[in-house]
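The data block below is coords02.txt; it holds compact mmCIF, C-alpha atoms.
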# COMPACT_ATOMS: atom_id res chain seq x y z
CA MET A 1 5.70 -6.38 -9.81
CA GLU A 2 5.61 -6.11 -6.03
CA LYS A 3 8.86 -5.98 -4.12
CA PRO A 4 9.42 -7.91 -0.89
CA ASN A 5 10.11 -5.84 2.20
CA LEU A 6 10.90 -6.24 5.87
CA SER A 7 8.24 -3.86 7.24
CA TYR A 8 6.40 -6.57 9.13
CA ILE A 9 9.61 -7.98 10.60
CA HIS A 10 10.78 -4.52 11.66
CA LYS A 11 7.42 -3.80 13.28
CA LEU A 12 7.48 -7.14 15.06
CA SER A 13 11.03 -6.74 16.33
CA GLY A 14 10.57 -3.29 17.83
CA GLY A 15 14.19 -2.66 16.90
CA ASP A 16 15.51 -5.95 18.27
CA LYS A 17 18.19 -6.75 15.68
CA THR A 18 18.98 -10.11 17.25
CA PHE A 19 15.41 -11.23 16.67
CA GLU A 20 15.40 -9.86 13.11
CA ASN A 21 18.58 -11.76 12.26
CA LYS A 22 17.28 -14.92 13.90
CA LEU A 23 14.01 -14.81 11.97
CA ILE A 24 15.70 -14.07 8.66
CA THR A 25 18.14 -16.93 9.22
CA ILE A 26 15.25 -19.31 9.91
CA MET A 27 13.39 -18.13 6.82
CA LYS A 28 16.49 -18.51 4.69
CA SER A 29 16.85 -22.07 5.87
CA GLU A 30 13.17 -23.06 5.83
CA PHE A 31 12.09 -21.44 2.58
CA PRO A 32 14.32 -23.44 0.19
CA GLU A 33 13.22 -26.70 1.83
CA GLU A 34 9.53 -25.85 1.49
CA LYS A 35 10.07 -24.65 -2.07
CA SER A 36 11.89 -27.84 -3.00
CA ILE A 37 9.12 -30.06 -1.58
CA TYR A 38 6.56 -27.98 -3.47
CA PHE A 39 8.38 -28.39 -6.80
CA LYS A 40 8.78 -32.13 -6.23
CA ASN A 41 5.05 -32.47 -5.66
CA ILE A 42 4.25 -30.41 -8.75
CA GLU A 43 6.62 -32.49 -10.87
CA SER A 44 5.03 -35.70 -9.57
CA GLY A 45 1.53 -34.38 -10.19
CA ASN A 46 0.67 -34.51 -6.47
CA LEU A 47 -1.41 -31.37 -6.61
CA LYS A 48 -3.21 -31.92 -3.29
CA GLU A 49 0.12 -32.26 -1.49
CA ALA A 50 1.38 -29.22 -3.39
CA SER A 51 -1.59 -27.25 -2.06
CA GLU A 52 -0.35 -28.02 1.47
CA ASN A 53 3.08 -26.69 0.51
CA VAL A 54 1.54 -23.53 -0.94
CA HIS A 55 -0.42 -23.12 2.27
CA LYS A 56 2.79 -23.11 4.27
CA LEU A 57 4.67 -20.89 1.83
CA LYS A 58 1.83 -18.36 1.92
CA HIS A 59 2.86 -17.29 5.40
CA LYS A 60 6.33 -16.29 4.22
CA ILE A 61 4.82 -14.44 1.27
CA SER A 62 2.73 -12.40 3.69
CA ILE A 63 5.62 -11.82 6.10
CA LEU A 64 7.55 -10.23 3.23
CA GLY A 65 4.67 -7.86 2.50
CA LEU A 66 3.77 -9.32 -0.90
CA GLU A 67 0.04 -8.68 -0.70
CA LYS A 68 -0.84 -9.26 -4.34
CA CYS A 69 1.30 -12.39 -4.52
CA TYR A 70 -0.36 -13.60 -1.34
CA SER A 71 -3.79 -13.16 -2.85
CA GLN A 72 -2.69 -15.08 -5.95
CA ALA A 73 -1.28 -17.84 -3.73
CA VAL A 74 -4.62 -18.13 -1.90
CA ASP A 75 -6.39 -18.71 -5.23
CA TYR A 76 -3.68 -21.05 -6.43
CA GLU A 77 -3.93 -23.15 -3.27
CA GLU A 78 -7.67 -23.56 -3.85
CA ASN A 79 -7.05 -24.49 -7.50
CA LEU A 80 -4.55 -27.15 -6.49
CA LYS A 81 -7.08 -28.62 -4.06
CA ASP A 82 -9.37 -28.97 -7.08
CA ASN A 83 -6.56 -30.61 -9.04
CA LEU A 84 -6.17 -27.53 -11.22
CA SER A 85 -2.80 -25.91 -11.88
CA GLU A 86 -4.05 -22.43 -12.81
CA GLY A 87 -1.81 -19.89 -11.09
CA GLU A 88 1.31 -22.05 -11.24
CA VAL A 89 3.32 -19.58 -13.33
CA ASP A 90 2.56 -16.63 -11.06
CA PHE A 91 3.36 -18.68 -7.99
CA LYS A 92 6.67 -19.77 -9.50
CA SER A 93 7.52 -16.10 -10.12
CA THR A 94 6.67 -15.29 -6.50
CA LEU A 95 8.97 -18.05 -5.27
CA GLN A 96 11.77 -16.75 -7.47
CA LEU A 97 11.17 -13.22 -6.23
CA ILE A 98 11.52 -14.39 -2.63
CA THR A 99 14.55 -16.53 -3.44
CA ASP A 100 16.30 -13.54 -4.99
CA TYR A 101 15.31 -11.28 -2.13
CA LEU A 102 16.44 -13.66 0.62
CA ALA A 103 19.79 -13.97 -1.13
CA THR A 104 20.32 -10.22 -0.61
CA LEU A 105 19.73 -10.38 3.16
CA MET B 106 0.51 -17.66 32.01
CA ASN B 107 2.73 -20.56 31.03
CA CYS B 108 2.21 -21.32 27.37
CA ILE B 109 3.38 -23.60 24.60
CA ILE B 110 3.51 -23.05 20.84
CA ILE B 111 2.58 -25.79 18.38
CA ASP B 112 3.32 -25.08 14.73
CA ASP B 113 5.08 -27.11 12.07
CA GLU B 114 6.66 -23.96 10.64
CA ALA B 115 9.77 -22.73 12.50
CA THR B 116 9.23 -19.21 11.18
CA ALA B 117 5.77 -19.11 12.73
CA ARG B 118 7.00 -20.46 16.07
CA THR B 119 9.72 -17.80 16.17
CA ILE B 120 7.23 -15.04 15.44
CA ILE B 121 4.78 -16.20 18.09
CA ALA B 122 7.58 -16.52 20.65
CA GLN B 123 8.63 -12.95 19.82
CA LEU B 124 5.06 -11.73 20.25
CA CYS B 125 4.87 -13.55 23.59
CA SER B 126 8.09 -11.87 24.72
CA GLN B 127 6.32 -8.53 24.35
CA VAL B 128 3.57 -9.47 26.81
CA ALA B 129 4.78 -9.53 30.41
CA SER B 130 2.21 -12.06 31.62
CA LEU B 131 3.30 -14.73 29.13
CA ASN B 132 6.02 -17.31 29.64
CA VAL B 133 6.75 -19.65 26.74
CA VAL B 134 7.82 -22.95 28.30
CA GLU B 135 8.10 -25.09 25.16
CA GLU B 136 7.69 -25.05 21.39
CA PHE B 137 6.69 -28.07 19.30
CA PRO B 138 6.82 -28.68 15.53
CA ASN B 139 3.96 -31.18 15.72
CA ALA B 140 0.98 -32.10 17.86
CA ILE B 141 2.24 -35.55 18.85
CA GLN B 142 5.24 -34.15 20.71
CA ALA B 143 2.97 -31.64 22.42
CA ILE B 144 0.58 -34.38 23.58
CA LYS B 145 3.49 -36.25 25.17
CA TYR B 146 4.56 -33.06 26.94
CA LEU B 147 1.04 -32.28 28.14
CA ASN B 148 0.69 -35.78 29.58
CA GLN B 149 3.30 -34.77 32.16
CA ASN B 150 3.00 -30.99 32.35
CA ASP B 151 0.27 -28.41 32.80
CA VAL B 152 0.12 -25.20 30.84
CA ASP B 153 -2.29 -22.27 30.91
CA LEU B 154 -2.36 -21.45 27.23
CA ILE B 155 -1.58 -23.09 23.90
CA PHE B 156 -0.89 -21.31 20.62
CA LEU B 157 -2.02 -23.90 18.14
CA ASP B 158 -1.62 -24.00 14.37
CA ILE B 159 -4.62 -25.68 12.76
CA HIS B 160 -3.07 -26.65 9.48
CA MET B 161 -0.43 -29.27 10.21
CA PRO B 162 0.32 -32.44 8.27
CA ASP B 163 -1.01 -35.78 9.57
CA PHE B 164 -2.49 -34.40 12.80
CA THR B 165 -4.40 -31.13 12.58
CA GLY B 166 -4.96 -28.66 15.39
CA PHE B 167 -8.56 -29.85 15.75
CA ASP B 168 -7.40 -33.49 15.95
CA PHE B 169 -5.06 -32.38 18.72
CA ILE B 170 -7.82 -30.67 20.72
CA GLN B 171 -9.95 -33.83 20.55
CA THR B 172 -7.18 -35.74 22.32
CA LEU B 173 -7.13 -33.42 25.33
CA LYS B 174 -9.29 -34.49 28.25
CA ASN B 175 -9.04 -31.18 30.05
CA PRO B 176 -7.73 -28.65 27.55
CA PRO B 177 -6.19 -25.40 28.66
CA LYS B 178 -7.09 -22.17 26.89
CA ILE B 179 -6.18 -22.29 23.24
CA ILE B 180 -5.50 -19.54 20.73
CA LEU B 181 -5.61 -20.81 17.18
CA THR B 182 -3.09 -19.50 14.70
CA THR B 183 -3.64 -20.06 11.01
CA SER B 184 -3.14 -18.66 7.53
CA ASP B 185 -6.83 -19.16 6.75
CA SER B 186 -9.98 -17.84 8.30
CA GLN B 187 -11.95 -20.75 6.88
CA PHE B 188 -11.84 -22.72 10.12
CA ALA B 189 -13.27 -19.93 12.26
CA ILE B 190 -16.73 -21.49 12.41
CA GLU B 191 -15.39 -24.84 13.56
CA ALA B 192 -13.33 -22.99 16.17
CA PHE B 193 -16.48 -21.52 17.72
CA GLU B 194 -17.55 -25.04 18.65
CA TYR B 195 -14.81 -25.45 21.24
CA ASP B 196 -15.15 -23.64 24.53
CA CYS B 197 -11.42 -23.94 25.15
CA ILE B 198 -10.63 -21.82 22.07
CA VAL B 199 -10.52 -18.23 23.20
CA ASP B 200 -9.42 -16.59 19.97
CA TYR B 201 -8.40 -17.13 16.38
CA LEU B 202 -5.40 -15.31 14.93
CA VAL B 203 -4.80 -15.11 11.19
CA LYS B 204 -1.13 -14.98 10.12
CA PRO B 205 0.81 -12.78 9.77
CA ILE B 206 -0.06 -11.83 13.35
CA GLU B 207 0.31 -8.19 14.36
CA LEU B 208 1.16 -7.24 17.96
CA PRO B 209 -2.01 -5.20 18.74
CA ARG B 210 -4.24 -8.09 17.60
CA PHE B 211 -2.08 -10.55 19.53
CA LYS B 212 -2.41 -8.49 22.72
CA LYS B 213 -6.17 -8.42 22.29
CA ALA B 214 -6.21 -12.23 22.10
CA ILE B 215 -4.14 -12.48 25.27
CA GLN B 216 -6.58 -10.15 27.03
CA LYS B 217 -9.41 -12.43 25.99
CA ALA B 218 -7.51 -15.43 27.34
CA GLU B 219 -6.88 -13.66 30.62
CA ASN B 220 -10.51 -12.65 30.96
CA THR B 221 -11.84 -16.13 30.19
CA GLY B 222 -12.46 -18.58 33.03
CA SER B 223 -10.92 -22.03 33.16
CA ASN B 224 -12.21 -24.58 30.68
CA THR B 225 -14.37 -27.51 31.49
CA VAL B 226 -15.59 -28.52 28.07
CA GLU B 227 -13.38 -30.92 26.16
CA SER B 228 -15.17 -31.26 22.87
CA PRO B 229 -17.77 -29.56 20.67
CA ASN B 230 -20.72 -28.37 22.72
CA PRO B 231 -23.77 -30.19 21.42
CA GLU B 232 -26.05 -27.36 22.51
CA THR B 233 -24.36 -24.85 20.28
CA GLU B 234 -23.55 -27.23 17.44
CA GLY B 235 -25.79 -26.58 14.49
CA THR B 236 -26.90 -23.17 15.65
CA VAL B 237 -23.59 -21.33 15.65
CA SER B 238 -25.32 -18.10 16.54
CA GLY B 239 -29.08 -18.29 16.84
CA ASN B 240 -30.56 -18.44 13.37
CA ASP B 241 -27.34 -17.40 11.68
CA LEU B 242 -24.73 -19.42 9.91
CA TYR B 243 -21.36 -17.85 9.14
CA VAL B 244 -19.62 -18.97 5.96
CA ASN B 245 -16.13 -18.16 4.79
CA ILE B 246 -16.01 -16.55 1.37
CA ASP B 247 -12.88 -14.81 0.10
CA ARG B 248 -11.46 -14.63 3.63
CA ARG B 249 -14.61 -12.93 4.99
CA LEU B 250 -17.13 -14.48 7.33
CA ILE B 251 -20.53 -13.83 5.83
CA LYS B 252 -23.71 -14.22 7.85
CA ILE B 253 -26.56 -16.22 6.34
CA ASP B 254 -30.01 -16.34 7.90
CA ILE B 255 -30.60 -20.10 8.22
CA PRO B 256 -34.39 -20.14 7.58
CA SER B 257 -33.82 -18.22 4.33
CA ILE B 258 -31.75 -21.09 2.92
CA TYR B 259 -33.87 -23.21 0.61
CA LEU B 260 -31.25 -25.39 -1.07
CA VAL B 261 -27.68 -26.59 -0.55
CA GLU B 262 -25.98 -28.36 -3.41
CA ALA B 263 -22.64 -30.20 -3.27
CA LYS B 264 -20.20 -29.52 -6.11
CA GLY B 265 -16.83 -31.20 -5.59
CA ASP B 266 -15.02 -29.54 -2.70
CA TYR B 267 -17.60 -26.75 -2.67
CA ILE B 268 -21.23 -26.28 -1.75
CA HIS B 269 -23.71 -23.85 -3.27
CA VAL B 270 -25.97 -22.33 -0.66
CA LYS B 271 -29.10 -20.80 -2.15
CA THR B 272 -31.21 -18.38 -0.13
CA GLU B 273 -34.27 -16.23 -0.83
CA THR B 274 -32.06 -13.29 -1.74
CA GLN B 275 -28.62 -14.56 -2.67
CA ASN B 276 -26.51 -17.56 -3.57
CA TYR B 277 -23.16 -18.41 -2.01
CA THR B 278 -20.35 -20.75 -3.04
CA VAL B 279 -18.49 -22.02 -0.02
CA HIS B 280 -15.47 -24.30 0.31
CA SER B 281 -17.05 -26.98 2.49
CA THR B 282 -18.88 -30.28 2.35
CA LEU B 283 -22.53 -31.23 2.44
CA LYS B 284 -21.85 -33.30 5.56
CA LYS B 285 -20.44 -30.31 7.43
CA ILE B 286 -23.30 -27.97 6.63
CA GLU B 287 -25.84 -30.72 7.31
CA GLU B 288 -24.55 -30.81 10.88
CA LYS B 289 -25.13 -27.07 11.22
CA LEU B 290 -28.65 -26.96 9.86
CA PRO B 291 -31.63 -27.77 12.10
CA ASP B 292 -33.30 -31.12 11.37
CA SER B 293 -36.68 -29.48 11.90
CA LEU B 294 -36.24 -27.47 8.68
CA PHE B 295 -33.75 -29.30 6.54
CA LEU B 296 -33.54 -32.71 4.96
CA LYS B 297 -30.97 -34.40 2.77
CA ILE B 298 -32.91 -35.82 -0.14
CA HIS B 299 -30.01 -36.84 -2.33
CA ARG B 300 -26.28 -37.33 -1.83
CA SER B 301 -25.73 -33.91 -3.42
CA TYR B 302 -28.71 -31.96 -2.08
CA ILE B 303 -30.16 -30.69 1.19
CA ILE B 304 -33.45 -28.83 1.01
CA ASN B 305 -35.50 -26.67 3.34
CA VAL B 306 -38.67 -28.75 3.60
CA GLN B 307 -40.81 -25.67 4.22
CA LYS B 308 -39.87 -24.25 0.81
CA ILE B 309 -41.10 -27.21 -1.25
CA ILE B 310 -43.59 -26.22 -3.94
CA ASP B 311 -44.46 -29.69 -5.18
CA ILE B 312 -43.19 -33.24 -5.42
CA GLU B 313 -43.43 -35.32 -8.52
CA ASP B 314 -42.23 -38.91 -8.77
CA ASN B 315 -38.57 -38.73 -7.81
CA SER B 316 -38.09 -34.99 -7.83
CA VAL B 317 -38.94 -31.95 -5.75
CA LEU B 318 -39.69 -28.48 -7.05
CA ILE B 319 -38.22 -25.93 -4.71
CA LYS B 320 -38.31 -22.32 -5.89
CA LYS B 321 -37.33 -22.75 -9.54
CA ASP B 322 -35.05 -25.72 -8.96
CA VAL B 323 -36.06 -29.28 -9.72
CA ILE B 324 -34.09 -31.50 -7.35
CA PRO B 325 -33.81 -35.28 -7.58
CA VAL B 326 -34.87 -37.36 -4.61
CA SER B 327 -32.90 -40.55 -4.14
CA ARG B 328 -34.85 -43.75 -3.52
CA SER B 329 -33.32 -44.21 -0.07
CA ASN B 330 -34.22 -40.67 1.06
CA ARG B 331 -37.76 -40.64 -0.29
CA PRO B 332 -39.42 -42.39 2.71
CA GLU B 333 -37.98 -39.81 5.14
CA LEU B 334 -39.15 -36.98 2.91
CA MET B 335 -42.67 -38.43 2.76
CA LYS B 336 -42.70 -38.76 6.55
CA ARG B 337 -41.93 -35.06 6.90
CA LEU B 338 -44.90 -33.98 4.77
CA ASN B 339 -48.25 -33.08 6.21
CA LEU B 340 -50.14 -35.39 3.86
CA LEU B 341 -53.90 -35.21 3.53
Spell out the structure here as structure tokens.
Amino acid sequence: MEKPNLSYIHKLSGGDKTFENKLITIMKSEFPEEKSIYFKNIESGNLKEASENVHKLKHKISILGLEKCYSQAVDYEENLKDNLSEGEVDFKSTLQLITDYLATL
Amino acid sequence: MNCIIIDDEATARTIIAQLCSQVASLNVVEEFPNAIQAIKYLNQNDVDLIFLDIHMPDFTGFDFIQTLKNPPKIILTTSDSQFAIEAFEYDCIVDYLVKPIELPRFKKAIQKAENTGSNTVESPNPETEGTVSGNDLYVNIDRRLIKIDIPSIYLVEAKGDYIHVKTETQNYTVHSTLKKIEEKLPDSLFLKIHRSYIINVQKIIDIEDNSVLIKKDVIPVSRSNRPELMKRLNLL
């Protein structure tokens, strides 16, 4: 399985540690909220709304360099728009991967 | 250039602000988590450039642009490339950045903004609408914009949230609606003959009762669309 990394954030910061810390803090605060809304929508069967949540979460997946997970999320978002839940398990794993990773930062 | 950032995601706003800080000519004056707040700000303030997320709840980036009477230059920021075609319809949109945005690509977009004159057009340009680029139509498939030669299209079929575009050489499945593609196709060649089908009238082989044979496809003609189809035929 892919491992999250901070390559993009490092490249973006150009060595500016203040920016890196600021961005990570924002992600650590925003990600759990977005994840929680996503799970609520899945539990309620609101798949179209869940697709919007996946759309937003996709950006964080890409920021953390998870290319394969990103590609799966793109497909999953399209499935949700069609009221299909195929890809849900992989997406849940991706969210857990990010949750675990953010906890280490 | 004074600019504002509109994005419902705080992470995205922070990244764009950081990118802006690395370009000397840019000055971020405000950031907004939604379009409504930005509209209120723009009612009282002028800016040179807007970084605008397309995909926002309730009020999309395109909805926002429609509200602006004299829009400044706009750079779209999005996680999808599927809106690129729609973006081409607005003269105020100078570039389209797909997240995650890298600095070299960002700088290129700023250069474009700096080299573009001031905007006078506030909404889709009717002269370019439906042509996109001469005889070509660009469709988004698997995050790539693929060029289709419009006259080669003989059939478009709606299937849920997707359309199947059939051409002389290849078929494409695109996430779009029949209504959207109908607006892009020239009336002189294309006709909607059923709520799920648009055909290229020049490719008809024969018509029988309430169906049209086009290539190898037999397509139903709805009762309401039949008179228009008959009008378009050069009947002997």
inquiry  = as a ChimeraX atom specification, could you give me every residue of chain A near chain B (at most 7 Å apart, counting all atoms listed in the file)?
reply    = /A:12,23,26-27,59,62-63
key: Distance query Glu43 in chain A at most 12 Å, all atoms listed in the file, self and fewer than 6 positions along chain excluded, as a list in words   =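 Returned residues: Ser36, Ile37, Glu49, Ala50, Ser85 and Glu88 of chain A.
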query = Do you know which residues are at most 8 Å from range 136-150 of chain B counting only C-alpha atoms, after dropping those on the same chain fewer than 2 positions away, and could you put them as a ChimeraX atom specification?
reply = /B:109-115,118,133-134,152,161,164-166,169,172-173
request  = Would you list the contacts of Lys271 in chain B as a list of chain:residue names, taking every protein, DNA or RNA residue within 8 Å and counting only C-alpha atoms, but skipping same-chain residues closer than 2 positions in sequence?
outcome  = B:Ile258, B:Tyr259, B:Leu260, B:Val261, B:His269, B:Glu273, B:Gln275, B:Asn276, B:Tyr277
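Computed from the coordinates, the CA of Lys81 in chain A to CA of Val326 in chain B distance equals 29.1 Å.
Going from CA of Ser327 in chain B to CA of Thr278 in chain B covers 23.5 Å.
In this model, the gap between CA of Leu64 in chain A and CA of Asn5 in chain A comes to 5.2 Å.
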Shell of 12 Å around Lys336 in chain B, all atoms listed in the file, local chain residues under 6 positions omitted, as number ranges by chain = B: 296, 306, 330
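Closest approach to Ala103 in chain A among A:Lys17, A:His10, A:Lys22, A:Lys28: A:Lys28, based on only C-alpha atoms.
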request  = Kindly indicate which residue among B:Ile180, B:Pro291, B:Ile246, B:Glu135 lies nearest to Val74 in chain A, using all atoms listed in the file for the distances.
outcome  =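 Closest to Val74 in chain A, using all atoms listed in the file: B:Ile246.
Using all atoms listed in the file, the smallest distance between any of A:Thr99, A:Asn83, A:Ser7, A:Thr18 and Ser51 in chain A comes from A:Asn83.
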Got a minute to add N, CA and C atoms to range 108-122 of chain B and dump it as a compact mmCIF listing (two decimals), in the frame of the given file?
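Output below, filename part23.txt:
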# COMPACT_ATOMS: atom_id res chain seq x y z
N CYS B 108 2.81 -20.93 28.65
CA CYS B 108 2.21 -21.32 27.37
C CYS B 108 3.17 -22.15 26.51
N ILE B 109 2.58 -22.87 25.58
CA ILE B 109 3.38 -23.60 24.60
C ILE B 109 2.93 -23.19 23.19
N ILE B 110 3.81 -23.40 22.24
CA ILE B 110 3.51 -23.05 20.84
C ILE B 110 3.61 -24.33 20.02
N ILE B 111 2.56 -24.61 19.26
CA ILE B 111 2.58 -25.79 18.38
C ILE B 111 2.38 -25.31 16.94
N ASP B 112 3.40 -25.50 16.13
CA ASP B 112 3.32 -25.08 14.73
C ASP B 112 4.41 -25.81 13.97
N ASP B 113 4.08 -26.36 12.82
CA ASP B 113 5.08 -27.11 12.07
C ASP B 113 6.07 -26.20 11.34
N GLU B 114 5.80 -24.90 11.34
CA GLU B 114 6.66 -23.96 10.64
C GLU B 114 7.54 -23.22 11.67
N ALA B 115 8.85 -23.37 11.54
CA ALA B 115 9.77 -22.73 12.50
C ALA B 115 9.63 -21.21 12.48
N THR B 116 9.41 -20.67 11.29
CA THR B 116 9.23 -19.21 11.18
C THR B 116 8.06 -18.75 12.03
N ALA B 117 6.97 -19.48 11.96
CA ALA B 117 5.77 -19.11 12.73
C ALA B 117 6.03 -19.23 14.23
N ARG B 118 6.71 -20.28 14.63
CA ARG B 118 7.00 -20.46 16.07
C ARG B 118 7.86 -19.29 16.58
N THR B 119 8.82 -18.90 15.77
CA THR B 119 9.72 -17.80 16.17
C THR B 119 8.94 -16.49 16.31
N ILE B 120 8.02 -16.27 15.39
CA ILE B 120 7.23 -15.04 15.44
C ILE B 120 6.32 -15.03 16.67
N ILE B 121 5.68 -16.15 16.93
CA ILE B 121 4.78 -16.20 18.09
C ILE B 121 5.57 -16.04 19.40
N ALA B 122 6.74 -16.66 19.45
CA ALA B 122 7.58 -16.52 20.65
C ALA B 122 7.97 -15.05 20.85
